[in-house]
>>> print(open('start_24.txt').read())   # compact mmCIF, C-alpha atoms and all ligand atoms
# COMPACT_ATOMS: atom_id res chain seq x y z
CA MET A 340 8.85 5.13 -18.74
CA GLY A 341 8.73 1.43 -17.99
CA THR A 342 5.57 -0.22 -16.71
CA ARG A 343 4.11 -3.64 -16.06
CA GLY A 344 1.35 -4.61 -18.45
CA SER A 345 -1.50 -4.93 -15.94
CA LYS A 346 -4.41 -2.51 -16.23
CA LEU A 347 -3.57 -1.00 -12.84
CA ALA A 348 0.13 -0.53 -13.67
CA LEU A 349 -0.69 0.99 -17.08
CA THR A 350 -3.17 3.42 -15.49
CA GLN A 351 -0.72 4.43 -12.77
CA THR A 352 2.10 4.98 -15.24
CA GLY A 353 -0.31 6.79 -17.57
CA THR A 354 -1.30 9.23 -14.81
CA VAL A 355 2.33 10.07 -14.09
CA ALA A 356 3.11 10.33 -17.82
CA ASP A 357 0.20 12.75 -18.29
CA ALA A 358 1.42 14.96 -15.44
CA LEU A 359 4.88 15.05 -17.02
CA ARG A 360 3.47 15.78 -20.48
CA ALA A 361 1.41 18.64 -19.02
CA ALA A 362 4.73 20.08 -17.82
CA GLY A 363 6.13 19.87 -21.36
CA VAL A 364 8.11 16.62 -20.99
CA GLU A 365 8.10 14.14 -23.89
CA VAL A 366 7.26 10.63 -22.63
CA GLU A 367 7.25 7.17 -24.26
CA ILE A 368 5.75 4.18 -22.40
CA VAL A 369 7.46 0.76 -22.61
CA LYS A 370 5.91 -2.48 -21.26
CA VAL A 371 8.14 -4.72 -19.12
CA THR A 372 6.95 -8.24 -18.23
CA THR A 373 7.68 -9.36 -14.66
CA PRO A 374 7.71 -12.97 -13.40
CA GLY A 375 4.94 -11.99 -10.94
CA ASP A 376 2.58 -11.27 -13.84
CA LYS A 377 2.98 -14.81 -15.18
CA SER A 378 2.56 -16.72 -11.93
CA LEU A 379 -0.61 -17.38 -9.97
CA ALA A 380 1.26 -18.80 -6.97
CA PRO A 381 0.41 -17.16 -3.62
CA ILE A 382 2.33 -13.89 -3.17
CA ALA A 383 3.57 -15.19 0.20
CA THR A 384 5.59 -17.90 -1.60
CA ILE A 385 6.95 -15.88 -4.55
CA GLY A 386 7.43 -12.55 -2.72
CA VAL A 387 6.02 -9.21 -3.87
CA GLY A 388 9.57 -8.26 -4.94
CA VAL A 389 8.88 -10.14 -8.18
CA PHE A 390 6.71 -7.24 -9.33
CA THR A 391 9.28 -4.56 -8.69
CA SER A 392 12.64 -6.19 -9.44
CA ALA A 393 12.12 -6.74 -13.20
CA LEU A 394 11.17 -3.06 -13.58
CA ARG A 395 14.20 -1.98 -11.59
CA GLU A 396 16.47 -4.21 -13.68
CA ALA A 397 15.15 -2.61 -16.89
CA LEU A 398 15.85 0.79 -15.31
CA LEU A 399 19.40 -0.14 -14.30
CA ARG A 400 20.09 -1.61 -17.77
CA GLY A 401 19.08 1.74 -19.27
CA GLU A 402 16.12 0.32 -21.22
CA VAL A 403 13.85 2.84 -19.50
CA ASP A 404 14.53 6.05 -17.53
CA VAL A 405 11.58 6.28 -15.15
CA ILE A 406 9.49 3.61 -13.40
CA VAL A 407 6.31 3.89 -11.35
CA HIS A 408 5.36 1.45 -8.58
CA SER A 409 2.47 1.09 -6.18
CA TYR A 410 4.49 2.38 -3.25
CA LYS A 411 3.18 -0.29 -0.87
CA ASP A 412 4.72 -3.04 -3.05
CA LEU A 413 8.27 -1.69 -2.60
CA PRO A 414 10.67 -3.38 -0.17
CA THR A 415 11.67 -1.05 2.70
CA ALA A 416 15.41 -1.38 1.94
CA PRO A 417 16.75 1.15 -0.60
CA GLU A 418 17.99 -0.22 -3.95
CA PRO A 419 21.60 0.72 -4.87
CA GLY A 420 21.74 2.96 -7.96
CA ILE A 421 18.04 3.85 -7.79
CA THR A 422 16.50 7.00 -6.30
CA LEU A 423 12.94 7.63 -5.19
CA ALA A 424 12.52 10.86 -7.15
CA ALA A 425 8.89 11.68 -6.44
CA VAL A 426 5.82 10.70 -4.44
CA PRO A 427 2.75 12.15 -6.19
CA PRO A 428 -0.46 13.10 -4.29
CA ARG A 429 -2.01 10.03 -2.71
CA GLU A 430 -5.35 8.47 -3.60
CA ASP A 431 -7.75 7.44 -0.84
CA PRO A 432 -5.60 4.98 1.18
CA ARG A 433 -8.45 2.92 2.68
CA ASP A 434 -9.43 -0.65 1.93
CA ALA A 435 -12.75 -1.39 0.26
CA LEU A 436 -15.27 -4.21 0.52
CA ILE A 437 -17.05 -5.60 -2.50
CA ALA A 438 -19.85 -7.80 -1.20
CA ARG A 439 -22.84 -9.58 -2.72
CA ASP A 440 -26.18 -7.78 -2.61
CA GLY A 441 -24.58 -4.45 -1.65
CA LEU A 442 -23.77 -5.68 1.87
CA THR A 443 -21.39 -3.99 4.32
CA LEU A 444 -18.93 -5.88 6.53
CA GLY A 445 -21.27 -5.67 9.54
CA GLU A 446 -24.20 -6.97 7.50
CA LEU A 447 -22.41 -10.13 6.29
CA PRO A 448 -23.85 -13.05 8.30
CA PRO A 449 -21.43 -15.20 10.36
CA GLY A 450 -19.89 -17.91 8.15
CA SER A 451 -19.76 -15.61 5.11
CA THR A 452 -16.71 -16.12 2.92
CA VAL A 453 -14.38 -13.14 2.40
CA GLY A 454 -11.51 -13.41 -0.06
CA THR A 455 -8.13 -11.77 0.49
CA GLY A 456 -4.52 -12.77 -0.05
CA ALA A 457 -3.10 -10.31 2.46
CA ALA A 458 -2.00 -11.42 5.95
CA ARG A 459 -2.73 -7.86 7.13
CA ARG A 460 -6.34 -7.96 5.95
CA THR A 461 -6.82 -11.54 7.19
CA ALA A 462 -5.52 -10.70 10.66
CA GLN A 463 -7.65 -7.56 11.00
CA LEU A 464 -10.80 -9.26 9.66
CA ARG A 465 -10.32 -12.10 12.18
CA ALA A 466 -9.69 -9.63 14.99
CA LEU A 467 -13.07 -7.99 14.28
CA GLY A 468 -14.69 -11.19 15.52
CA LEU A 469 -17.53 -11.25 13.00
CA GLY A 470 -17.30 -15.01 12.39
CA LEU A 471 -16.23 -14.51 8.79
CA GLU A 472 -14.47 -17.27 6.90
CA ILE A 473 -11.35 -15.84 5.26
CA VAL A 474 -10.45 -17.46 1.92
CA PRO A 475 -6.97 -16.91 0.43
CA ILE A 476 -7.14 -15.54 -3.13
CA ARG A 477 -4.93 -13.69 -5.57
CA GLY A 478 -4.92 -12.45 -9.13
CA ASN A 479 -5.65 -9.07 -10.65
CA ILE A 480 -8.55 -6.82 -9.66
CA ASP A 481 -10.95 -8.31 -12.26
CA THR A 482 -10.19 -11.91 -11.20
CA ARG A 483 -10.86 -11.08 -7.55
CA MET A 484 -14.06 -9.18 -8.23
CA ARG A 485 -15.38 -12.00 -10.39
CA LYS A 486 -15.31 -14.33 -7.37
CA VAL A 487 -18.14 -12.24 -5.92
CA THR A 488 -20.10 -11.68 -9.14
CA ASP A 489 -19.84 -15.43 -9.93
CA GLY A 490 -21.12 -16.29 -6.44
CA GLU A 491 -17.96 -18.18 -5.41
CA LEU A 492 -17.39 -15.82 -2.46
CA ASP A 493 -19.65 -13.50 -0.46
CA ALA A 494 -17.12 -10.65 -0.50
CA VAL A 495 -13.55 -9.59 -1.28
CA VAL A 496 -11.40 -6.82 0.21
CA LEU A 497 -9.27 -4.69 -2.12
CA ALA A 498 -7.46 -1.37 -1.97
CA ARG A 499 -9.89 1.44 -2.81
CA ALA A 500 -7.14 3.25 -4.74
CA GLY A 501 -6.59 0.40 -7.19
CA LEU A 502 -10.32 0.14 -7.90
CA ALA A 503 -10.66 3.91 -8.31
CA ARG A 504 -7.69 4.08 -10.68
CA VAL A 505 -9.18 1.50 -13.05
CA GLY A 506 -12.63 3.14 -12.89
CA LEU A 507 -14.33 0.54 -10.69
CA ALA A 508 -15.05 2.60 -7.55
CA GLU A 509 -18.81 2.12 -8.07
CA VAL A 510 -18.64 -1.64 -7.34
CA ILE A 511 -17.48 -0.91 -3.77
CA THR A 512 -20.19 -1.71 -1.24
CA GLU A 513 -18.31 -0.26 1.77
CA THR A 514 -15.14 1.76 2.19
CA LEU A 515 -13.67 0.34 5.38
CA ASP A 516 -13.12 2.73 8.27
CA PRO A 517 -9.47 2.71 9.43
CA ILE A 518 -10.85 1.98 12.91
CA GLN A 519 -11.76 -1.48 11.58
CA MET A 520 -9.06 -1.92 8.97
CA LEU A 521 -5.80 0.02 8.77
CA PRO A 522 -4.39 0.01 5.22
CA ALA A 523 -0.96 -1.24 4.22
CA PRO A 524 1.82 1.30 4.79
CA ALA A 525 1.89 3.62 1.72
CA GLN A 526 -1.31 2.14 0.24
CA GLY A 527 -2.79 4.46 -2.37
CA ALA A 528 0.54 6.20 -2.99
CA LEU A 529 2.84 5.89 -6.01
CA ALA A 530 6.64 5.81 -6.03
CA VAL A 531 8.42 7.30 -9.04
CA GLU A 532 12.00 6.08 -9.43
CA CYS A 533 14.93 6.94 -11.70
CA ARG A 534 18.65 6.05 -11.79
CA SER A 535 20.57 7.89 -9.02
CA ALA A 536 23.04 9.14 -11.65
CA ASP A 537 20.28 11.03 -13.52
CA VAL A 538 20.36 14.02 -11.21
CA GLU A 539 18.67 16.41 -13.65
CA LEU A 540 15.84 13.99 -14.34
CA GLU A 541 15.45 13.41 -10.60
CA GLN A 542 15.02 17.16 -10.03
CA LEU A 543 12.52 17.41 -12.88
CA LEU A 544 10.45 14.51 -11.49
CA ALA A 545 10.56 15.96 -7.95
CA SER A 546 9.55 19.48 -8.98
CA THR A 547 6.78 18.26 -11.30
CA LEU A 548 5.26 15.38 -9.33
CA ASP A 549 6.21 15.36 -5.65
CA ASP A 550 3.60 16.03 -2.93
CA GLU A 551 5.11 17.08 0.39
CA GLY A 552 2.22 15.92 2.58
CA THR A 553 2.04 12.48 0.96
CA ARG A 554 5.79 12.08 1.29
CA ALA A 555 5.69 12.91 5.00
CA ALA A 556 2.79 10.52 5.61
CA VAL A 557 4.31 7.55 3.77
CA THR A 558 7.69 8.23 5.36
CA ALA A 559 6.12 7.79 8.81
CA GLU A 560 4.20 4.65 7.79
CA ARG A 561 7.18 3.01 6.08
CA ALA A 562 9.55 3.89 8.94
CA MET A 563 7.15 2.05 11.25
CA LEU A 564 7.10 -0.96 8.92
CA ALA A 565 10.90 -1.00 8.59
CA ALA A 566 11.40 -0.75 12.36
CA LEU A 567 9.15 -3.78 12.81
CA GLU A 568 11.47 -5.52 10.33
CA ALA A 569 8.38 -6.32 8.34
CA GLY A 570 7.95 -6.54 4.58
CA CYS A 571 4.99 -5.61 2.46
CA SER A 572 3.29 -8.98 3.03
CA ALA A 573 3.40 -8.73 6.86
CA PRO A 574 0.31 -8.37 9.06
CA VAL A 575 1.07 -4.68 9.67
CA GLY A 576 -1.24 -1.75 8.94
CA ALA A 577 -0.44 1.96 9.19
CA LEU A 578 -2.07 5.23 8.30
CA ALA A 579 -0.55 8.69 8.68
CA GLU A 580 -2.62 11.79 8.11
CA ILE A 581 -1.66 15.44 8.05
CA VAL A 582 -3.80 17.15 10.69
CA GLU A 583 -4.08 20.70 12.04
CA ASP A 584 -3.05 21.11 15.66
CA LEU A 585 -2.25 24.05 17.97
CA ASP A 586 1.30 24.78 19.08
CA ALA A 587 2.27 26.07 22.57
CA GLU A 588 1.31 29.65 21.56
CA GLY A 589 -2.07 28.60 20.20
CA LYS A 590 -0.99 28.95 16.56
CA VAL A 591 -2.36 26.43 14.04
CA VAL A 592 0.36 24.01 12.88
CA GLU A 593 0.32 20.94 10.64
CA ARG A 594 1.28 17.71 12.35
CA ILE A 595 1.36 14.04 11.36
CA SER A 596 -1.04 11.72 13.11
CA LEU A 597 0.06 8.09 12.76
CA ARG A 598 -1.99 5.00 13.59
CA GLY A 599 -0.44 1.56 13.46
CA THR A 600 -1.45 -2.04 14.01
CA ALA A 601 0.43 -5.33 14.04
CA ALA A 602 -0.42 -8.95 14.72
CA VAL A 603 0.44 -10.61 18.04
CA ASP A 604 0.25 -14.31 18.83
CA GLY A 605 -3.08 -14.80 20.57
CA GLU A 606 -4.42 -17.70 22.66
CA ASN A 607 -4.86 -21.08 20.93
CA GLY A 608 -3.39 -19.89 17.65
CA ALA A 609 -5.81 -16.93 17.37
CA VAL A 610 -4.44 -13.84 15.70
CA ASP A 611 -4.93 -10.62 17.67
CA MET A 612 -3.96 -7.15 16.60
CA VAL A 613 -2.39 -4.47 18.79
CA ARG A 614 -2.88 -0.82 17.87
CA ALA A 615 -1.23 2.45 18.81
CA SER A 616 -1.25 6.04 17.61
CA ALA A 617 0.87 9.17 18.03
CA LEU A 618 1.28 12.72 16.79
CA ALA A 619 4.46 14.60 15.78
CA ASP A 620 5.72 17.61 13.85
CA LYS A 621 5.90 17.04 10.10
CA ASP A 622 9.70 16.99 9.97
CA GLN A 623 9.68 14.18 12.53
CA ALA A 624 7.97 11.69 10.21
CA ALA A 625 10.62 8.97 10.27
CA GLN A 626 11.13 9.25 14.04
CA LEU A 627 7.37 9.06 14.62
CA GLY A 628 7.25 5.80 12.67
CA LYS A 629 10.13 4.33 14.65
CA ASP A 630 8.60 5.39 17.96
CA LEU A 631 5.25 3.84 17.10
CA ALA A 632 6.95 0.61 16.04
CA ALA A 633 8.71 0.49 19.44
CA GLU A 634 5.33 0.93 21.13
CA LEU A 635 3.78 -1.88 19.07
CA LEU A 636 6.72 -4.16 19.92
CA ASP A 637 6.19 -3.34 23.63
CA LEU A 638 2.56 -4.35 23.18
CA GLY A 639 3.71 -7.73 21.88
CA ALA A 640 3.80 -7.29 18.09
CA GLY A 641 5.18 -10.44 16.47
CA ASP A 642 8.58 -11.08 14.95
CA PHE A 643 8.14 -10.48 11.23
CA SER A 644 11.77 -10.88 10.15
CA GLY A 645 10.69 -13.83 7.97
CA THR A 646 8.40 -11.60 5.94
CA ALA A 647 10.89 -8.79 5.26
CA GLN A 648 11.94 -8.49 1.65
N1 LIG B 701 -1.08 -5.98 -3.37
C1 LIG B 701 -1.18 -5.61 -4.74
C2 LIG B 701 -1.55 -4.19 -4.92
N2 LIG B 701 -0.60 -3.24 -5.01
C3 LIG B 701 -1.22 -2.02 -5.13
C4 LIG B 701 -2.58 -2.22 -5.13
C5 LIG B 701 -3.63 -1.18 -5.24
C6 LIG B 701 -3.16 0.25 -5.32
C7 LIG B 701 -2.54 0.78 -4.06
O1 LIG B 701 -2.80 0.29 -2.96
O2 LIG B 701 -1.78 1.74 -4.16
C8 LIG B 701 -2.82 -3.60 -5.02
C9 LIG B 701 -4.12 -4.29 -5.02
C10 LIG B 701 -4.77 -4.36 -3.66
O3 LIG B 701 -4.11 -4.41 -2.62
O4 LIG B 701 -6.00 -4.43 -3.63
>>> encode(input="start_24.txt", output="structure tokens")
Amino acid sequence: MGTRGSKLALTQTGTVADALRAAGVEVEIVKVTTPGDKSLAPIATIGVGVFTSALREALLRGEVDVIVHSYKDLPTAPEPGITLAAVPPREDPRDALIARDGLTLGELPPGSTVGTGAARRTAQLRALGLGLEIVPIRGNIDTRMRKVTDGELDAVVLARAGLARVGLAEVITETLDPIQMLPAPAQGALAVECRSADVELEQLLASTLDDEGTRAAVTAERAMLAALEAGCSAPVGALAEIVEDLDAEGKVVERISLRGTAAVDGENGAVDMVRASALADKDQAAQLGKDLAAELLDLGAGDFSGTAQ
């Protein structure tokens, strides 16, 4: 299994490796350095693809047989020769606030500085109208957290899943409600890939690791993202949840509830967010995502073709 060398990547790959080992599979972990690990330039200029492409190249060259990504970092377009073999059970998909003095978002006084490098988080924080000053940052989880502990910033927003995976969930001062902040499509989920030619390995990975509910949820979220022609750095949030509903005969059925948000051009350069939600049968995941994207476009969602990757 190939992995990036960051603490988060090593933990994610380690979790998948452990699940495979528990099923009797022998696993060796190989570190692959990606250009994204060496650069501190804003993600918007280098593109998140830098994190995934070096891993995929090592896979295609046959140096490794399995790779694990944070699913939200993957481009929406499929990669020739590579198959998404498994989507393991998802971690908590919500975003988390780490603020000074244990504060929550609502308790931060106007003018407080909040660090984030994500256009999605920036746009939603602005749309909340709390008078917060958004400061662009990047770097690994430790670097971002240190900006708060060192007193450089009042708060930072990070994915809860990443913090939980590296054992830092206790530094979170508020887990943000999706009503305030919808996560990135597929946030908290992993994507396990292998070469398309390795059919037996693909079946092994699917039967050992795949979680049907997570796959349906991320399929809906990513279909929405793709239909907006938006990449992983776009101001687009989505969250699909498997919910129990009643069918026409009153029988309990599982459906997918999808919420989505996207930025629209507001007055005087302000960024506003439009939101929509819908419900569908589980096998309709991709269609649900497309339908919700169409609704968001009707509501004025921006043209994100420049951010697709
Ligand atoms: N953008 C980078 C990235 N890719 C995956 C995670 C965290 C784990 C996940 O969301 O699955 C993070 C950090 C973050 O957004 O805070």
>>> residues_near_ligand(input="start_24.txt", ligand="ligand LIG 701 (chain B)", cutoff="9 Å", atoms="all atoms listed in the file", output="ChimeraX atom specification")
/A:347-348,351,382,387,408-412,429-435,455-457,477-480,496-504,522-523,525-529,571-572
>>> atom_distance(input="start_24.txt", atom1="CA of Glu513 (chain A)", atom2="CA of Ala615 (chain A)")
24.3 Å
>>> atom_distance(input="start_24.txt", atom1="CA of Glu593 (chain A)", atom2="CA of Gly628 (chain A)")
16.8 Å
>>> closest_residue(input="start_24.txt", among="A:Leu399, A:Ala424, A:Ala494, A:Ala569", to="Leu544 (chain A)", atoms="all atoms listed in the file")
A:Ala424
>>> atom_distance(input="start_24.txt", atom1="CA of Ile476 (chain A)", atom2="CA of Leu436 (chain A)")
14.4 Å
>>> residues_near_point(input="start_24.txt", point="(4.1, 18.6, -0.2)", cutoff="12 Å", atoms="only C-alpha atoms", output="PDB file with C-alpha atoms, in the coordinates of the input")
ATOM      1  CA  ALA A 425       8.890  11.680  -6.440  1.00  0.00           C
ATOM      2  CA  VAL A 426       5.820  10.700  -4.440  1.00  0.00           C
ATOM      3  CA  PRO A 427       2.750  12.150  -6.190  1.00  0.00           C
ATOM      4  CA  PRO A 428      -0.460  13.100  -4.290  1.00  0.00           C
ATOM      5  CA  ARG A 429      -2.010  10.030  -2.710  1.00  0.00           C
ATOM      6  CA  ALA A 545      10.560  15.960  -7.950  1.00  0.00           C
ATOM      7  CA  SER A 546       9.550  19.480  -8.980  1.00  0.00           C
ATOM      8  CA  THR A 547       6.780  18.260 -11.300  1.00  0.00           C
ATOM      9  CA  LEU A 548       5.260  15.380  -9.330  1.00  0.00           C
ATOM     10  CA  ASP A 549       6.210  15.360  -5.650  1.00  0.00           C
ATOM     11  CA  ASP A 550       3.600  16.030  -2.930  1.00  0.00           C
ATOM     12  CA  GLU A 551       5.110  17.080   0.390  1.00  0.00           C
ATOM     13  CA  GLY A 552       2.220  15.920   2.580  1.00  0.00           C
ATOM     14  CA  THR A 553       2.040  12.480   0.960  1.00  0.00           C
ATOM     15  CA  ARG A 554       5.790  12.080   1.290  1.00  0.00           C
ATOM     16  CA  ALA A 555       5.690  12.910   5.000  1.00  0.00           C
ATOM     17  CA  ALA A 556       2.790  10.520   5.610  1.00  0.00           C
ATOM     18  CA  VAL A 557       4.310   7.550   3.770  1.00  0.00           C
ATOM     19  CA  ILE A 581      -1.660  15.440   8.050  1.00  0.00           C
ATOM     20  CA  GLU A 593       0.320  20.940  10.640  1.00  0.00           C
ATOM     21  CA  LYS A 621       5.900  17.040  10.100  1.00  0.00           C
ATOM     22  CA  ASP A 622       9.700  16.990   9.970  1.00  0.00           C
TER      23      ASP A 622
END
>>> closest_residue(input="start_24.txt", among="A:Asp620, A:Ala462, A:Lys629, A:Gly353", to="Thr600 (chain A)", atoms="only C-alpha atoms")
A:Ala462
>>> closest_residue(input="start_24.txt", among="A:Ala358, A:Ala579, A:Val531, A:Ile406", to="Ala393 (chain A)", atoms="only C-alpha atoms")
A:Ile406
>>> closest_residue(input="start_24.txt", among="A:Cys533, A:Ala633, A:Val582, A:Val592", to="Leu564 (chain A)", atoms="all atoms listed in the file")
A:Ala633
>>> residues_around(input="start_24.txt", residues="Ala601 (chain A)", least_positions_apart="3", cutoff="9 Å", atoms="only C-alpha atoms", output="list in words")
Arg459, Ala462, Gln463, Leu567, Ala573, Pro574, Val575, Gly576, Ala577, Asp611, Met612, Val613, Arg614, Leu635, Leu636, Gly639, Ala640 and Gly641 of chain A
>>> closest_residue(input="start_24.txt", among="A:Leu627, A:Val453, A:Leu469, A:Gly445", to="Leu515 (chain A)", atoms="all atoms listed in the file")
A:Gly445
>>> closest_residue(input="start_24.txt", among="A:Leu464, A:Ala530, A:Ile437, A:Leu442", to="Thr488 (chain A)", atoms="all atoms listed in the file")
A:Ile437
>>> residues_around(input="start_24.txt", residues="Ala617 (chain A)", least_positions_apart="4", cutoff="10 Å", atoms="only C-alpha atoms", output="list of chain:residue names")
A:Ala579, A:Ile595, A:Ser596, A:Leu597, A:Arg598, A:Gly599, A:Leu627, A:Gly628, A:Asp630, A:Leu631, A:Glu634
>>> residues_around(input="start_24.txt", residues="Gly490 (chain A)", least_positions_apart="2", cutoff="12 Å", atoms="all atoms listed in the file", output="number ranges by chain")
A: 438-440, 451-454, 483-488, 492-495
>>> axis_aligned_box(input="start_24.txt", around="region 407-412 of chain A", padding_each_side="6 Å", output="JSON")
{"center_x": 4.4, "center_y": 0.4, "center_z": -6.1, "size_x": 15.8, "size_y": 18.9, "size_z": 22.5}
>>> build_atoms(input="start_24.txt", residues="region 413-437 of chain A", atoms="N, CA and C atoms", output="PDB file, in the coordinates of the input")
ATOM      1  N   LEU A 413       6.809  -1.823  -2.646  1.00  0.00           N
ATOM      2  CA  LEU A 413       8.270  -1.690  -2.600  1.00  0.00           C
ATOM      3  C   LEU A 413       8.847  -2.236  -1.300  1.00  0.00           C
ATOM      4  N   PRO A 414       9.967  -2.973  -1.391  1.00  0.00           N
ATOM      5  CA  PRO A 414      10.670  -3.380  -0.170  1.00  0.00           C
ATOM      6  C   PRO A 414      11.113  -2.129   0.603  1.00  0.00           C
ATOM      7  N   THR A 415      11.283  -2.241   1.922  1.00  0.00           N
ATOM      8  CA  THR A 415      11.670  -1.050   2.700  1.00  0.00           C
ATOM      9  C   THR A 415      13.148  -0.688   2.487  1.00  0.00           C
ATOM     10  N   ALA A 416      13.983  -1.671   2.133  1.00  0.00           N
ATOM     11  CA  ALA A 416      15.410  -1.380   1.940  1.00  0.00           C
ATOM     12  C   ALA A 416      15.615  -0.617   0.627  1.00  0.00           C
ATOM     13  N   PRO A 417      16.486   0.422   0.648  1.00  0.00           N
ATOM     14  CA  PRO A 417      16.750   1.150  -0.600  1.00  0.00           C
ATOM     15  C   PRO A 417      17.493   0.267  -1.597  1.00  0.00           C
ATOM     16  N   GLU A 418      17.351   0.565  -2.885  1.00  0.00           N
ATOM     17  CA  GLU A 418      17.990  -0.220  -3.950  1.00  0.00           C
ATOM     18  C   GLU A 418      19.203   0.567  -4.464  1.00  0.00           C
ATOM     19  N   PRO A 419      20.415  -0.016  -4.404  1.00  0.00           N
ATOM     20  CA  PRO A 419      21.600   0.720  -4.870  1.00  0.00           C
ATOM     21  C   PRO A 419      21.439   1.173  -6.326  1.00  0.00           C
ATOM     22  N   GLY A 420      21.786   2.436  -6.595  1.00  0.00           N
ATOM     23  CA  GLY A 420      21.740   2.960  -7.960  1.00  0.00           C
ATOM     24  C   GLY A 420      20.389   3.526  -8.360  1.00  0.00           C
ATOM     25  N   ILE A 421      19.391   3.369  -7.465  1.00  0.00           N
ATOM     26  CA  ILE A 421      18.040   3.850  -7.790  1.00  0.00           C
ATOM     27  C   ILE A 421      17.578   4.849  -6.732  1.00  0.00           C
ATOM     28  N   THR A 422      16.964   5.939  -7.199  1.00  0.00           N
ATOM     29  CA  THR A 422      16.500   7.000  -6.300  1.00  0.00           C
ATOM     30  C   THR A 422      14.985   7.137  -6.385  1.00  0.00           C
ATOM     31  N   LEU A 423      14.372   7.314  -5.236  1.00  0.00           N
ATOM     32  CA  LEU A 423      12.940   7.630  -5.190  1.00  0.00           C
ATOM     33  C   LEU A 423      12.838   9.130  -5.485  1.00  0.00           C
ATOM     34  N   ALA A 424      12.479   9.464  -6.717  1.00  0.00           N
ATOM     35  CA  ALA A 424      12.520  10.860  -7.150  1.00  0.00           C
ATOM     36  C   ALA A 424      11.274  11.633  -6.747  1.00  0.00           C
ATOM     37  N   ALA A 425      10.121  10.959  -6.746  1.00  0.00           N
ATOM     38  CA  ALA A 425       8.890  11.680  -6.440  1.00  0.00           C
ATOM     39  C   ALA A 425       7.813  10.769  -5.859  1.00  0.00           C
ATOM     40  N   VAL A 426       7.009  11.352  -4.973  1.00  0.00           N
ATOM     41  CA  VAL A 426       5.820  10.700  -4.440  1.00  0.00           C
ATOM     42  C   VAL A 426       4.632  11.616  -4.752  1.00  0.00           C
ATOM     43  N   PRO A 427       3.863  11.279  -5.795  1.00  0.00           N
ATOM     44  CA  PRO A 427       2.750  12.150  -6.190  1.00  0.00           C
ATOM     45  C   PRO A 427       1.617  12.138  -5.150  1.00  0.00           C
ATOM     46  N   PRO A 428       0.658  13.066  -5.250  1.00  0.00           N
ATOM     47  CA  PRO A 428      -0.460  13.100  -4.290  1.00  0.00           C
ATOM     48  C   PRO A 428      -1.147  11.734  -4.199  1.00  0.00           C
ATOM     49  N   ARG A 429      -1.462  11.362  -2.973  1.00  0.00           N
ATOM     50  CA  ARG A 429      -2.010  10.030  -2.710  1.00  0.00           C
ATOM     51  C   ARG A 429      -3.493   9.956  -3.023  1.00  0.00           C
ATOM     52  N   GLU A 430      -3.917   8.784  -3.474  1.00  0.00           N
ATOM     53  CA  GLU A 430      -5.350   8.470  -3.600  1.00  0.00           C
ATOM     54  C   GLU A 430      -5.860   8.092  -2.205  1.00  0.00           C
ATOM     55  N   ASP A 431      -7.152   7.917  -2.081  1.00  0.00           N
ATOM     56  CA  ASP A 431      -7.750   7.440  -0.840  1.00  0.00           C
ATOM     57  C   ASP A 431      -7.030   6.148  -0.404  1.00  0.00           C
ATOM     58  N   PRO A 432      -6.410   6.140   0.787  1.00  0.00           N
ATOM     59  CA  PRO A 432      -5.600   4.980   1.180  1.00  0.00           C
ATOM     60  C   PRO A 432      -6.395   3.798   1.746  1.00  0.00           C
ATOM     61  N   ARG A 433      -7.695   3.947   1.941  1.00  0.00           N
ATOM     62  CA  ARG A 433      -8.450   2.920   2.680  1.00  0.00           C
ATOM     63  C   ARG A 433      -8.717   1.654   1.869  1.00  0.00           C
ATOM     64  N   ASP A 434      -9.012   0.583   2.571  1.00  0.00           N
ATOM     65  CA  ASP A 434      -9.430  -0.650   1.930  1.00  0.00           C
ATOM     66  C   ASP A 434     -10.921  -0.581   1.634  1.00  0.00           C
ATOM     67  N   ALA A 435     -11.347  -1.399   0.662  1.00  0.00           N
ATOM     68  CA  ALA A 435     -12.750  -1.390   0.260  1.00  0.00           C
ATOM     69  C   ALA A 435     -13.289  -2.810   0.231  1.00  0.00           C
ATOM     70  N   LEU A 436     -14.574  -2.928   0.568  1.00  0.00           N
ATOM     71  CA  LEU A 436     -15.270  -4.210   0.520  1.00  0.00           C
ATOM     72  C   LEU A 436     -16.153  -4.236  -0.714  1.00  0.00           C
ATOM     73  N   ILE A 437     -16.092  -5.357  -1.423  1.00  0.00           N
ATOM     74  CA  ILE A 437     -17.050  -5.600  -2.500  1.00  0.00           C
ATOM     75  C   ILE A 437     -17.808  -6.848  -2.078  1.00  0.00           C
TER      76      ILE A 437
END
